[in-house]
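Take a look at the structure set out below.
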Amino acid sequence: MRYNKFRLDIEDIKQLIPPMGYCIATDRITVDGEKVGYMYREQPDDSSDSGWRFFAGDESQDYINNPDNISIYDVNTIANYDPSIIKYLDSDIGVELEKVKDDDTFIFI
């Protein structure tokens, strides 16, 4: 079993958005403290899946292929790590967004 030191303690997680299910995010965000740099929404795997996938944007394919570097979280948890994602969370399935360098906005790609 792996144990990660998360950047935020559980008691620091606030309810920022209405419940929308789970997402997938890399440890670059939750452990290393990087902001979301790339996010996309795919067809959900089940009724609890939001379809959102979050990355810092600098992960290599080898990093992403290692299941120890990716975990399942409530979308609200990732919103606490990077609140700049919140205004995009109602985007449709199939959307891909990339963060504008040195800004808290995303562009649709």
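Residue names in the structure tokens use chain letters A, B, ... in the order shown, residue numbers from 1 in each chain, and ligand numbers from 1 in the order shown.
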
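Near A:Leu97, within 6 Å and counting only C-alpha atoms, sit Tyr38, Met39, Phe106, Ile107, Phe108 and Ile109 of chain A; same-chain residues fewer than 2 positions away were not included.
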
Please list as a list in words every residue within 6 Å of A:Arg7, counting only C-alpha atoms and excluding residues in the same chain fewer than 4 positions away.
Thr30, Val31 and Gly33 of chain A

Residue contacts of A:Gly51 (6 Å, only C-alpha atoms) excluding same-chain residues fewer than 2 positions away, as a ChimeraX atom specification
/A:41-44,49

Step one, run DSSP on the backbone; step two, keep only residues of chain A assigned to alpha helix (DSSP H); then write them as a PyMOL selection string.
chain A and resi 27-30+61-65+75-81

Export of the given selection (N, CA, C and O atoms) as a PDB file, in the first residue's frame:
```pdb
ATOM      1  N   ASP A  27      -0.717  12.927  -9.028  1.00  0.00           N
ATOM      2  CA  ASP A  27      -0.021  13.343  -7.817  1.00  0.00           C
ATOM      3  C   ASP A  27       0.728  14.656  -8.003  1.00  0.00           C
ATOM      4  O   ASP A  27       1.088  15.301  -7.021  1.00  0.00           O
ATOM      5  N   ARG A  28       0.971  15.058  -9.236  1.00  0.00           N
ATOM      6  CA  ARG A  28       1.627  16.354  -9.463  1.00  0.00           C
ATOM      7  C   ARG A  28       0.769  17.466  -8.861  1.00  0.00           C
ATOM      8  O   ARG A  28       1.293  18.472  -8.402  1.00  0.00           O
ATOM      9  N   ILE A  29      -0.541  17.264  -8.828  1.00  0.00           N
ATOM     10  CA  ILE A  29      -1.457  18.253  -8.259  1.00  0.00           C
ATOM     11  C   ILE A  29      -1.604  18.038  -6.754  1.00  0.00           C
ATOM     12  O   ILE A  29      -1.360  18.948  -5.961  1.00  0.00           O
ATOM     13  N   THR A  30      -1.989  16.841  -6.347  1.00  0.00           N
ATOM     14  CA  THR A  30      -2.364  16.599  -4.951  1.00  0.00           C
ATOM     15  C   THR A  30      -1.180  16.367  -4.009  1.00  0.00           C
ATOM     16  O   THR A  30      -1.304  16.617  -2.817  1.00  0.00           O
ATOM     17  N   GLN A  61       4.531  10.560 -20.385  1.00  0.00           N
ATOM     18  CA  GLN A  61       3.673   9.396 -20.618  1.00  0.00           C
ATOM     19  C   GLN A  61       4.021   8.274 -19.644  1.00  0.00           C
ATOM     20  O   GLN A  61       3.127   7.578 -19.149  1.00  0.00           O
ATOM     21  N   ASP A  62       5.307   8.098 -19.323  1.00  0.00           N
ATOM     22  CA  ASP A  62       5.712   7.083 -18.346  1.00  0.00           C
ATOM     23  C   ASP A  62       5.097   7.370 -16.975  1.00  0.00           C
ATOM     24  O   ASP A  62       4.657   6.457 -16.277  1.00  0.00           O
ATOM     25  N   TYR A  63       5.076   8.631 -16.601  1.00  0.00           N
ATOM     26  CA  TYR A  63       4.483   9.033 -15.321  1.00  0.00           C
ATOM     27  C   TYR A  63       2.992   8.688 -15.305  1.00  0.00           C
ATOM     28  O   TYR A  63       2.479   8.101 -14.353  1.00  0.00           O
ATOM     29  N   ILE A  64       2.295   9.054 -16.367  1.00  0.00           N
ATOM     30  CA  ILE A  64       0.855   8.805 -16.454  1.00  0.00           C
ATOM     31  C   ILE A  64       0.550   7.308 -16.501  1.00  0.00           C
ATOM     32  O   ILE A  64      -0.447   6.853 -15.949  1.00  0.00           O
ATOM     33  N   ASN A  65       1.403   6.541 -17.133  1.00  0.00           N
ATOM     34  CA  ASN A  65       1.193   5.093 -17.240  1.00  0.00           C
ATOM     35  C   ASN A  65       1.390   4.358 -15.917  1.00  0.00           C
ATOM     36  O   ASN A  65       0.982   3.213 -15.787  1.00  0.00           O
ATOM     37  N   VAL A  75     -14.467  15.692  -7.195  1.00  0.00           N
ATOM     38  CA  VAL A  75     -14.102  16.889  -7.966  1.00  0.00           C
ATOM     39  C   VAL A  75     -13.889  18.075  -7.037  1.00  0.00           C
ATOM     40  O   VAL A  75     -12.989  18.897  -7.251  1.00  0.00           O
ATOM     41  N   ASN A  76     -14.668  18.171  -5.977  1.00  0.00           N
ATOM     42  CA  ASN A  76     -14.506  19.260  -5.019  1.00  0.00           C
ATOM     43  C   ASN A  76     -13.098  19.301  -4.430  1.00  0.00           C
ATOM     44  O   ASN A  76     -12.557  20.376  -4.163  1.00  0.00           O
ATOM     45  N   THR A  77     -12.499  18.148  -4.217  1.00  0.00           N
ATOM     46  CA  THR A  77     -11.140  18.101  -3.674  1.00  0.00           C
ATOM     47  C   THR A  77     -10.170  18.796  -4.623  1.00  0.00           C
ATOM     48  O   THR A  77      -9.353  19.626  -4.192  1.00  0.00           O
ATOM     49  N   ILE A  78     -10.261  18.504  -5.904  1.00  0.00           N
ATOM     50  CA  ILE A  78      -9.356  19.136  -6.872  1.00  0.00           C
ATOM     51  C   ILE A  78      -9.661  20.625  -6.991  1.00  0.00           C
ATOM     52  O   ILE A  78      -8.743  21.437  -7.154  1.00  0.00           O
ATOM     53  N   ALA A  79     -10.924  21.016  -6.851  1.00  0.00           N
ATOM     54  CA  ALA A  79     -11.278  22.436  -6.850  1.00  0.00           C
ATOM     55  C   ALA A  79     -10.609  23.160  -5.685  1.00  0.00           C
ATOM     56  O   ALA A  79     -10.257  24.336  -5.799  1.00  0.00           O
ATOM     57  N   ASN A  80     -10.397  22.481  -4.581  1.00  0.00           N
ATOM     58  CA  ASN A  80      -9.685  23.077  -3.454  1.00  0.00           C
ATOM     59  C   ASN A  80      -8.203  23.256  -3.766  1.00  0.00           C
ATOM     60  O   ASN A  80      -7.584  24.204  -3.304  1.00  0.00           O
ATOM     61  N   TYR A  81      -7.634  22.348  -4.522  1.00  0.00           N
ATOM     62  CA  TYR A  81      -6.229  22.481  -4.923  1.00  0.00           C
ATOM     63  C   TYR A  81      -6.044  23.590  -5.949  1.00  0.00           C
ATOM     64  O   TYR A  81      -5.021  24.263  -5.961  1.00  0.00           O
TER      65      TYR A  81
END
```

Could you pull the residues within 7 Å of A:Ile70, counting only C-alpha atoms, minus those fewer than 5 positions along the same chain, as a PDB file with all heavy atoms, in the first residue's frame?
```pdb
ATOM      1  N   ILE A  24     -10.403  11.964 -11.883  1.00  0.00           N
ATOM      2  CA  ILE A  24      -9.061  11.391 -11.803  1.00  0.00           C
ATOM      3  C   ILE A  24      -8.066  12.537 -11.872  1.00  0.00           C
ATOM      4  O   ILE A  24      -8.231  13.459 -12.686  1.00  0.00           O
ATOM      5  CB  ILE A  24      -8.830  10.381 -12.940  1.00  0.00           C
ATOM      6  CG1 ILE A  24      -9.791   9.194 -12.776  1.00  0.00           C
ATOM      7  CG2 ILE A  24      -7.374   9.914 -12.971  1.00  0.00           C
ATOM      8  CD1 ILE A  24      -9.793   8.202 -13.916  1.00  0.00           C
ATOM      9  N   ALA A  25      -7.061  12.503 -11.009  1.00  0.00           N
ATOM     10  CA  ALA A  25      -6.025  13.541 -10.991  1.00  0.00           C
ATOM     11  C   ALA A  25      -4.682  12.917 -10.659  1.00  0.00           C
ATOM     12  O   ALA A  25      -4.611  11.867 -10.011  1.00  0.00           O
ATOM     13  CB  ALA A  25      -6.369  14.618  -9.971  1.00  0.00           C
ATOM     14  N   THR A  26      -3.631  13.587 -11.092  1.00  0.00           N
ATOM     15  CA  THR A  26      -2.285  13.071 -10.834  1.00  0.00           C
ATOM     16  C   THR A  26      -1.725  13.613  -9.526  1.00  0.00           C
ATOM     17  O   THR A  26      -2.160  14.650  -9.011  1.00  0.00           O
ATOM     18  CB  THR A  26      -1.309  13.422 -11.978  1.00  0.00           C
ATOM     19  OG1 THR A  26      -1.053  14.829 -11.969  1.00  0.00           O
ATOM     20  CG2 THR A  26      -1.849  12.980 -13.329  1.00  0.00           C
ATOM     21  N   ASP A  27      -0.717  12.927  -9.028  1.00  0.00           N
ATOM     22  CA  ASP A  27      -0.021  13.343  -7.817  1.00  0.00           C
ATOM     23  C   ASP A  27       0.728  14.656  -8.003  1.00  0.00           C
ATOM     24  O   ASP A  27       1.088  15.301  -7.021  1.00  0.00           O
ATOM     25  CB  ASP A  27       0.977  12.271  -7.374  1.00  0.00           C
ATOM     26  CG  ASP A  27       0.313  11.056  -6.771  1.00  0.00           C
ATOM     27  OD1 ASP A  27      -0.921  11.075  -6.571  1.00  0.00           O
ATOM     28  OD2 ASP A  27       1.034  10.067  -6.504  1.00  0.00           O
TER      29      ASP A  27
END
```

Hey, what does DSSP flag as strand (DSSP E or B) within chain A? Can you give it to me as a ChimeraX atom specification?
/A:22-26,38-41,49-55,70-74,96-99,106-108

Judged by only C-alpha atoms, the minimum distance to A:Asp102 among A:Ser50, A:Glu59, A:Lys35, A:Asn69 is found for A:Lys35

So how far away is atom CA of A:Gly57 from atom CA of A:Asp103, in Å?
14.3 Å
